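Okay, target17.tsv is below, TSV, C-alpha atoms and all ligand atoms:
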chain	number	residue	atom	x	y	z
S	1	MET	CA	276.87	-64.14	35.20
S	2	GLY	CA	277.58	-67.78	34.54
S	3	LYS	CA	275.25	-70.59	33.55
S	4	VAL	CA	273.99	-73.19	36.00
S	5	TRP	CA	273.71	-76.73	34.70
S	6	PHE	CA	271.61	-79.47	36.26
S	7	VAL	CA	273.50	-82.59	35.28
S	8	GLY	CA	272.32	-86.17	35.68
S	9	ALA	CA	275.16	-88.27	37.07
S	10	GLY	CA	273.41	-91.55	36.30
S	11	PRO	CA	272.31	-94.25	38.73
S	12	GLY	CA	275.61	-94.99	40.45
S	13	ALA	CA	278.42	-96.35	38.33
S	14	PRO	CA	280.65	-93.36	37.49
S	15	ASP	CA	280.87	-94.40	33.82
S	16	LEU	CA	277.11	-94.05	33.37
S	17	ILE	CA	277.21	-90.26	33.20
S	18	THR	CA	276.71	-89.01	29.62
S	19	VAL	CA	279.58	-87.70	27.50
S	20	ARG	CA	277.87	-84.31	27.53
S	21	GLY	CA	277.69	-84.46	31.34
S	22	THR	CA	281.43	-85.08	31.61
S	23	GLN	CA	282.14	-82.17	29.24
S	24	VAL	CA	280.11	-79.77	31.36
S	25	LEU	CA	281.85	-81.02	34.53
S	26	ALA	CA	285.25	-80.65	32.89
S	27	ARG	CA	284.73	-76.91	32.28
S	28	SER	CA	282.95	-76.13	35.56
S	29	GLY	CA	284.21	-73.75	38.20
S	30	ALA	CA	281.97	-75.06	40.97
S	31	ILE	CA	280.03	-78.30	41.50
S	32	LEU	CA	277.40	-78.97	44.12
S	33	TYR	CA	276.53	-82.66	44.35
S	34	THR	CA	274.11	-84.92	46.19
S	35	GLY	CA	274.84	-88.51	47.12
S	36	SER	CA	278.05	-90.30	48.02
S	37	LEU	CA	278.62	-92.04	44.69
S	38	VAL	CA	277.99	-88.88	42.72
S	39	ALA	CA	281.00	-87.35	44.52
S	40	GLU	CA	283.29	-89.80	42.76
S	41	THR	CA	281.85	-88.89	39.39
S	42	ALA	CA	282.39	-85.19	40.13
S	43	LEU	CA	285.97	-85.72	41.25
S	44	GLN	CA	286.74	-87.84	38.23
S	45	TRP	CA	285.81	-85.13	35.71
S	46	ALA	CA	286.18	-81.80	37.48
S	47	PRO	CA	289.18	-79.57	36.78
S	48	ALA	CA	291.79	-79.43	39.56
S	49	ASP	CA	290.86	-75.93	40.72
S	50	CYS	CA	287.10	-76.57	40.77
S	51	GLU	CA	285.20	-75.95	44.00
S	52	ILE	CA	283.32	-79.13	44.91
S	53	ALA	CA	280.74	-79.22	47.70
S	54	ASP	CA	278.21	-81.66	49.14
S	55	SER	CA	274.67	-80.35	49.61
S	56	LYS	CA	273.80	-83.03	52.18
S	57	SER	CA	273.55	-80.66	55.12
S	58	MET	CA	272.05	-77.73	53.14
S	59	ASP	CA	268.41	-76.79	52.94
S	60	LEU	CA	266.77	-75.57	49.73
S	61	THR	CA	267.55	-71.90	50.38
S	62	GLN	CA	271.18	-72.65	51.10
S	63	VAL	CA	271.49	-74.65	47.88
S	64	THR	CA	269.89	-71.79	45.93
S	65	ASP	CA	272.19	-69.22	47.56
S	66	TRP	CA	275.21	-71.41	46.79
S	67	LEU	CA	274.27	-71.72	43.12
S	68	LEU	CA	273.47	-67.98	42.82
S	69	SER	CA	276.73	-66.88	44.41
S	70	ARG	CA	278.84	-69.32	42.38
S	71	ALA	CA	277.15	-68.21	39.17
S	72	GLU	CA	278.47	-64.71	39.92
S	73	GLN	CA	282.02	-66.08	40.06
S	74	HIS	CA	282.15	-68.79	37.39
S	75	GLU	CA	281.07	-69.25	33.82
S	76	THR	CA	279.90	-72.82	34.45
S	77	VAL	CA	278.33	-74.05	37.67
S	78	VAL	CA	276.95	-77.58	38.10
S	79	ARG	CA	274.29	-79.09	40.26
S	80	LEU	CA	275.06	-82.82	39.97
S	81	GLN	CA	272.20	-85.18	40.76
S	82	THR	CA	271.62	-88.91	40.74
S	83	GLY	CA	269.88	-90.55	37.81
S	84	ASP	CA	268.02	-88.05	35.65
S	85	PRO	CA	267.66	-84.56	37.13
S	86	THR	CA	264.04	-84.16	36.00
S	87	LEU	CA	262.76	-87.07	38.10
S	88	TYR	CA	261.99	-86.79	41.83
S	89	GLY	CA	264.39	-83.94	42.46
S	90	VAL	CA	263.93	-80.27	43.24
S	91	LEU	CA	264.99	-78.89	39.87
S	92	ALA	CA	261.97	-76.60	39.49
S	93	GLU	CA	262.36	-75.21	43.00
S	94	LEU	CA	266.07	-74.53	42.44
S	95	ALA	CA	265.70	-73.16	38.92
S	96	ARG	CA	262.94	-70.68	39.82
S	97	PRO	CA	265.19	-68.24	41.74
S	98	LEU	CA	267.90	-68.66	39.07
S	99	ASP	CA	265.37	-67.78	36.36
S	100	ALA	CA	264.24	-64.80	38.44
S	101	ALA	CA	267.84	-63.61	38.74
S	102	GLY	CA	268.27	-63.87	34.97
S	103	ILE	CA	270.78	-66.71	35.24
S	104	GLU	CA	270.77	-69.13	32.35
S	105	VAL	CA	269.89	-72.72	33.27
S	106	GLY	CA	270.76	-75.86	31.31
S	107	ILE	CA	269.82	-79.49	31.87
S	108	VAL	CA	271.87	-82.53	30.90
S	109	PRO	CA	269.77	-85.71	31.11
S	110	GLY	CA	271.00	-88.75	32.96
S	111	VAL	CA	270.39	-92.49	33.00
S	112	SER	CA	267.53	-92.90	35.43
S	113	SER	CA	267.62	-95.67	38.01
S	114	ALA	CA	264.46	-97.02	36.36
S	115	MET	CA	266.43	-97.75	33.20
S	116	ALA	CA	269.46	-98.98	35.11
S	117	SER	CA	267.30	-101.35	37.18
S	118	ALA	CA	265.66	-102.89	34.13
S	119	ALA	CA	269.11	-103.40	32.59
S	120	ALA	CA	270.52	-104.90	35.78
S	121	ALA	CA	267.67	-107.38	35.90
S	122	GLY	CA	267.96	-108.13	32.16
S	123	GLU	CA	264.30	-107.22	31.72
S	124	CYS	CA	262.34	-105.16	29.19
S	125	LEU	CA	259.86	-102.55	30.35
S	126	THR	CA	257.69	-102.92	27.27
S	127	LEU	CA	256.76	-106.01	25.31
S	128	PRO	CA	254.73	-106.10	22.08
S	129	GLU	CA	251.06	-106.92	22.69
S	130	VAL	CA	251.69	-107.31	26.42
S	131	THR	CA	252.47	-103.84	27.71
S	132	GLN	CA	253.27	-100.67	25.81
S	133	SER	CA	253.19	-98.17	28.63
S	134	VAL	CA	255.46	-97.47	31.59
S	135	ILE	CA	254.38	-95.55	34.65
S	136	PHE	CA	257.03	-93.90	36.82
S	137	THR	CA	255.46	-93.44	40.21
S	138	ARG	CA	255.90	-93.74	43.94
S	139	PHE	CA	253.85	-94.87	46.89
S	140	ALA	CA	252.43	-92.02	48.93
S	141	GLY	CA	254.72	-91.23	51.80
S	142	ARG	CA	255.33	-87.83	53.36
S	143	THR	CA	254.70	-86.50	49.84
S	144	PRO	CA	250.99	-87.06	49.20
S	145	MET	CA	249.90	-88.18	45.74
S	146	PRO	CA	248.08	-85.55	43.66
S	147	ALA	CA	244.41	-86.08	42.85
S	148	GLY	CA	243.95	-88.64	40.08
S	149	GLU	CA	247.31	-90.29	40.73
S	150	SER	CA	246.42	-92.66	43.55
S	151	PHE	CA	248.61	-95.76	43.49
S	152	ALA	CA	245.49	-97.91	43.16
S	153	ALA	CA	244.38	-96.03	40.04
S	154	LEU	CA	247.82	-96.21	38.40
S	155	ALA	CA	248.42	-99.87	39.31
S	156	GLY	CA	244.99	-100.71	37.93
S	157	HIS	CA	246.20	-100.06	34.38
S	158	GLY	CA	248.12	-103.34	34.48
S	159	CYS	CA	251.05	-101.88	32.52
S	160	THR	CA	254.65	-101.61	33.69
S	161	LEU	CA	255.26	-99.76	36.94
S	162	CYS	CA	258.63	-98.39	38.01
S	163	ILE	CA	258.09	-97.56	41.65
S	164	PHE	CA	260.56	-95.07	43.12
S	165	LEU	CA	261.07	-94.01	46.74
S	166	SER	CA	258.86	-96.75	48.14
S	167	ILE	CA	260.99	-99.70	49.21
S	168	GLU	CA	260.41	-98.87	52.90
S	169	ARG	CA	256.71	-99.54	52.25
S	170	ILE	CA	257.08	-102.64	50.07
S	171	ALA	CA	254.51	-104.62	52.10
S	172	ALA	CA	251.92	-101.88	51.59
S	173	VAL	CA	252.86	-101.64	47.90
S	174	ALA	CA	252.26	-105.39	47.50
S	175	GLU	CA	248.92	-105.15	49.25
S	176	ALA	CA	247.87	-102.24	47.04
S	177	LEU	CA	248.89	-104.12	43.88
S	178	VAL	CA	246.66	-107.05	44.80
S	179	ALA	CA	243.82	-104.66	45.66
S	180	ALA	CA	244.30	-103.09	42.20
S	181	GLY	CA	243.83	-106.47	40.53
S	182	TRP	CA	247.30	-107.94	40.20
S	183	ALA	CA	247.62	-111.65	40.91
S	184	ALA	CA	249.46	-112.41	44.14
S	185	ASP	CA	251.85	-114.65	42.21
S	186	ALA	CA	252.68	-112.03	39.57
S	187	PRO	CA	256.44	-111.43	39.42
S	188	VAL	CA	258.16	-108.44	41.01
S	189	VAL	CA	261.80	-107.40	40.68
S	190	VAL	CA	263.53	-105.22	43.26
S	191	VAL	CA	266.89	-103.77	42.32
S	192	HIS	CA	269.00	-102.39	45.12
S	193	LYS	CA	271.76	-99.90	44.23
S	194	ALA	CA	271.59	-100.64	40.51
S	195	THR	CA	275.05	-100.26	38.89
S	196	TRP	CA	276.81	-99.35	42.17
S	197	PRO	CA	280.16	-101.10	41.84
S	198	GLY	CA	280.10	-104.27	43.94
S	199	GLU	CA	276.82	-103.41	45.64
S	200	GLU	CA	274.08	-104.07	43.09
S	201	GLN	CA	271.49	-106.65	44.14
S	202	VAL	CA	268.65	-108.00	42.02
S	203	LEU	CA	265.87	-109.67	43.97
S	204	ARG	CA	263.13	-111.62	42.26
S	205	GLY	CA	259.90	-112.69	43.84
S	206	SER	CA	256.16	-112.49	43.59
S	207	ILE	CA	253.81	-109.85	44.90
S	208	ALA	CA	253.02	-112.25	47.74
S	209	ASP	CA	256.59	-112.82	48.93
S	210	ILE	CA	258.65	-109.80	47.80
S	211	ALA	CA	258.31	-107.92	51.09
S	212	GLU	CA	259.64	-110.90	53.03
S	213	ARG	CA	262.47	-111.37	50.53
S	214	CYS	CA	263.46	-107.71	50.89
S	215	ARG	CA	263.35	-108.00	54.66
S	216	ALA	CA	265.52	-111.13	54.59
S	217	ALA	CA	268.03	-109.42	52.27
S	218	GLY	CA	268.07	-106.29	54.44
S	219	ILE	CA	266.95	-104.04	51.57
S	220	VAL	CA	265.33	-100.97	53.06
S	221	ARG	CA	266.69	-98.09	50.94
S	222	GLN	CA	267.90	-97.12	47.46
S	223	ALA	CA	265.90	-99.67	45.56
S	224	MET	CA	263.61	-99.69	42.55
S	225	ILE	CA	260.48	-101.84	42.46
S	226	LEU	CA	259.58	-103.10	38.98
S	227	VAL	CA	256.17	-104.63	38.40
S	228	SER	CA	255.25	-105.60	34.89
S	229	PRO	CA	253.53	-108.20	32.74
S	230	ALA	CA	256.75	-108.05	30.69
S	231	LEU	CA	258.89	-109.44	33.52
S	232	GLY	CA	260.34	-112.85	32.68
S	233	ALA	CA	259.53	-112.43	28.96
S	234	ARG	CA	262.87	-113.93	27.96
S	235	GLN	CA	261.96	-117.15	29.74
S	236	ARG	CA	258.58	-117.42	28.03
S	237	ALA	CA	257.92	-118.75	24.56
S	238	ALA	CA	257.78	-116.02	21.91
S	239	GLY	CA	254.35	-114.48	21.68
S	240	ALA	CA	253.07	-116.06	24.91
S	241	SER	CA	251.61	-113.48	27.23
S	242	SER	CA	251.88	-113.79	30.96
S	243	LYS	CA	249.15	-115.98	32.47
S	244	LEU	CA	249.81	-114.30	35.80
S	245	TYR	CA	248.95	-110.97	34.31
S	246	ASP	CA	245.83	-112.35	32.63
S	247	ALA	CA	244.66	-113.68	35.97
S	248	GLY	CA	245.20	-110.28	37.53
S	249	PHE	CA	243.41	-108.54	34.72
S	250	GLU	CA	240.35	-110.76	35.08
S	251	ARG	CA	240.30	-110.19	38.79
S	252	ARG	CA	240.60	-106.47	38.44
S	253	PHE	CA	237.37	-106.28	36.51
S	254	ARG	CA	235.59	-108.66	38.84
S	255	GLY	CA	236.86	-106.61	41.78
S	256	LYS	CA	235.35	-103.45	40.35
S	257	GLY	CA	232.04	-105.17	39.82
S	258	THR	CA	232.04	-104.53	36.10
S	259	ARG	CA	231.82	-108.27	35.39
S	260	ASP	CA	230.15	-111.33	37.03
S	301	LIG	N1	266.48	-88.82	39.76
S	301	LIG	C1	266.64	-90.19	40.21
S	301	LIG	C2	265.62	-90.61	41.24
S	301	LIG	C3	265.82	-89.94	42.58
S	301	LIG	S1	264.60	-90.41	43.76
S	301	LIG	C4	266.59	-91.13	38.98
S	301	LIG	O1	266.30	-90.68	37.88
S	301	LIG	O2	266.91	-92.32	39.16
S	301	LIG	C5	265.44	-91.66	44.65
S	301	LIG	C6	264.87	-93.03	44.34
S	301	LIG	O3	265.38	-93.47	43.11
S	301	LIG	C7	265.24	-94.10	45.35
S	301	LIG	O4	264.31	-94.14	46.41
S	301	LIG	C8	265.13	-95.36	44.50
S	301	LIG	O5	263.81	-95.77	44.36
S	301	LIG	C9	265.62	-94.85	43.16
S	301	LIG	N2	267.06	-95.08	42.95
S	301	LIG	C10	268.02	-94.13	42.82
S	301	LIG	N3	269.21	-94.71	42.54
S	301	LIG	C11	268.98	-96.05	42.47
S	301	LIG	C12	269.81	-97.18	42.16
S	301	LIG	N4	271.07	-97.04	41.89
S	301	LIG	N5	269.22	-98.41	42.17
S	301	LIG	C13	267.90	-98.55	42.43
S	301	LIG	N6	267.09	-97.52	42.71
S	301	LIG	C14	267.61	-96.28	42.73
The structure in this file should be written as structure tokens.
Amino acid sequence: MGKVWFVGAGPGAPDLITVRGTQVLARSGAILYTGSLVAETALQWAPADCEIADSKSMDLTQVTDWLLSRAEQHETVVRLQTGDPTLYGVLAELARPLDAAGIEVGIVPGVSSAMASAAAAGECLTLPEVTQSVIFTRFAGRTPMPAGESFAALAGHGCTLCIFLSIERIAAVAEALVAAGWAADAPVVVVHKATWPGEEQVLRGSIADIAERCRAAGIVRQAMILVSPALGARQRAAGASSKLYDAGFERRFRGKGTRD
């Protein structure tokens, strides 16, 4: 029985896979990938006789069966995923039957699109005395949010938000941010296809106009929404905190009726 590795391919650019990721690919007998760009990364590092397949048209059971059967034939089998494999994927669902079959599972972390988007925009996700926490979340879609993780509750913290899987609902996201206490003129950055060669787009706007800007730019998929009091820090004087954030903070408390 071989070992199945879940390898993060990074956010898009083939050179953003880790060195460890390339080493696992280079000794693999079979690779199952998701996403068109990830295919290039696989091809670049896989040995010539490696079986490489796309899981696009497979359901969860078919992916599991593929990994199980390949693990019987090869010492190293790879499930190659975008970004980091522990975020918004189906690693647990896929690993469960492998664990049950006694197949060893390994994980190689990847550069998440959250990190790649901040880098593309030249922004920091934390800033001393301004925000020291980052929330990775999404807007409720077909996947409902678990109790205690409503977008309103998370946005209400006023810290940095990296919002995945939600660009289709950017107008609703903006509305919810304002309802949670953010100022309508607080900055928002949307990064489309961060690090994809020749396709990366960084859009800057405010909560009030970001939906319209995304619509005008035709951005409807594969984008990260960054909301943070740290945005634009490089353009502000050292030590100055964001007035926009302060305004939002004040309003949040007024909104909840804990002040006034
Ligand atoms: N595991 C991945 C996330 C997969 S969920 C990671 O760690 O990045 C898919 C969501 O990730 C997309 O809806 C989008 O919000 C974000 N995403 C993935 N690749 C991206 C990229 N290159 N640029 C911007 N956002 C991206």
Grab all the atoms of stretch 140-156 of chain S that the file lists, wrap them in a box along x, y and z, add 6 Å per side, and give me centre plus edge lengths in Å (one decimal) as JSON.
{"center_x": 249.6, "center_y": -93.1, "center_z": 45.6, "size_x": 23.4, "size_y": 27.2, "size_z": 27.4}
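For stretch 215-217 of chain S, the residues within 10 Å (counting only C-alpha atoms, excluding itself and residues fewer than 5 positions away along the chain) are Glu168, Ile170, Ala171, Gln201, Leu203 and Ile210 of chain S.
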Exercise. Once you count all atoms listed in the file, which residues end up within 7 Å of ligand LIG 301 (chain S), and could you hand them over as a PyMOL selection string?
Worked result: chain S and resi 11-12+81-89+111-114+117+163-167+191-196+221-224
Exercise. Residues at most 12 Å from stretch 57-63 of chain S, counting only C-alpha atoms, excluding those fewer than 5 positions away in the same chain, as a PyMOL selection string?
Worked result: chain S and resi 31-35+68-70+78-80+89-98
For this session: Show me as a PyMOL selection string the residues that reach within 8 Å of (261.2, -105.2, 37.7), counting only C-alpha atoms and using the file's own coordinates.
Result: chain S and resi 117-118+121+123+125+162+188-191+224-228+231
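A straight line drawn from atom CA of S:Thr41 to atom CA of S:Glu199 is 16.6 Å long.
Among the candidates S:Ala237, S:Cys214, S:Ala26, S:Ala13, the one nearest to S:Glu40 when counting all atoms listed in the file is S:Ala13.
Atom to atom, atom CA of S:Trp66 and atom CA of S:Gln23 stand 21.7 Å apart.
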Problem set entry | Coordinates-based distance that separates atom CA of S:Gly122 from atom CA of S:Ser36 (Å, one decimal) | 25.9 Å
Problem set entry | Residue nearest S:Leu127 - candidates S:Thr143, S:Thr160, S:Ser150, S:Thr76, atoms counted: all atoms listed in the file | S:Thr160
Exercise. Out of S:Gly110, S:Gly2, S:Pro47, S:Gly205, which residue has the shortest atom-to-atom distance to S:Glu75 when counting only C-alpha atoms?
Worked result: S:Gly2
Problem set entry | Counting all atoms listed in the file, the residue of S:Ala71, S:Ile17, S:Ala140, S:Ala186 that sits nearest S:Trp45 | S:Ile17
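Residue nearest S:Trp5, chosen from S:Leu43, S:Leu37, S:Gly106, S:Thr64 and counting only C-alpha atoms: S:Gly106.
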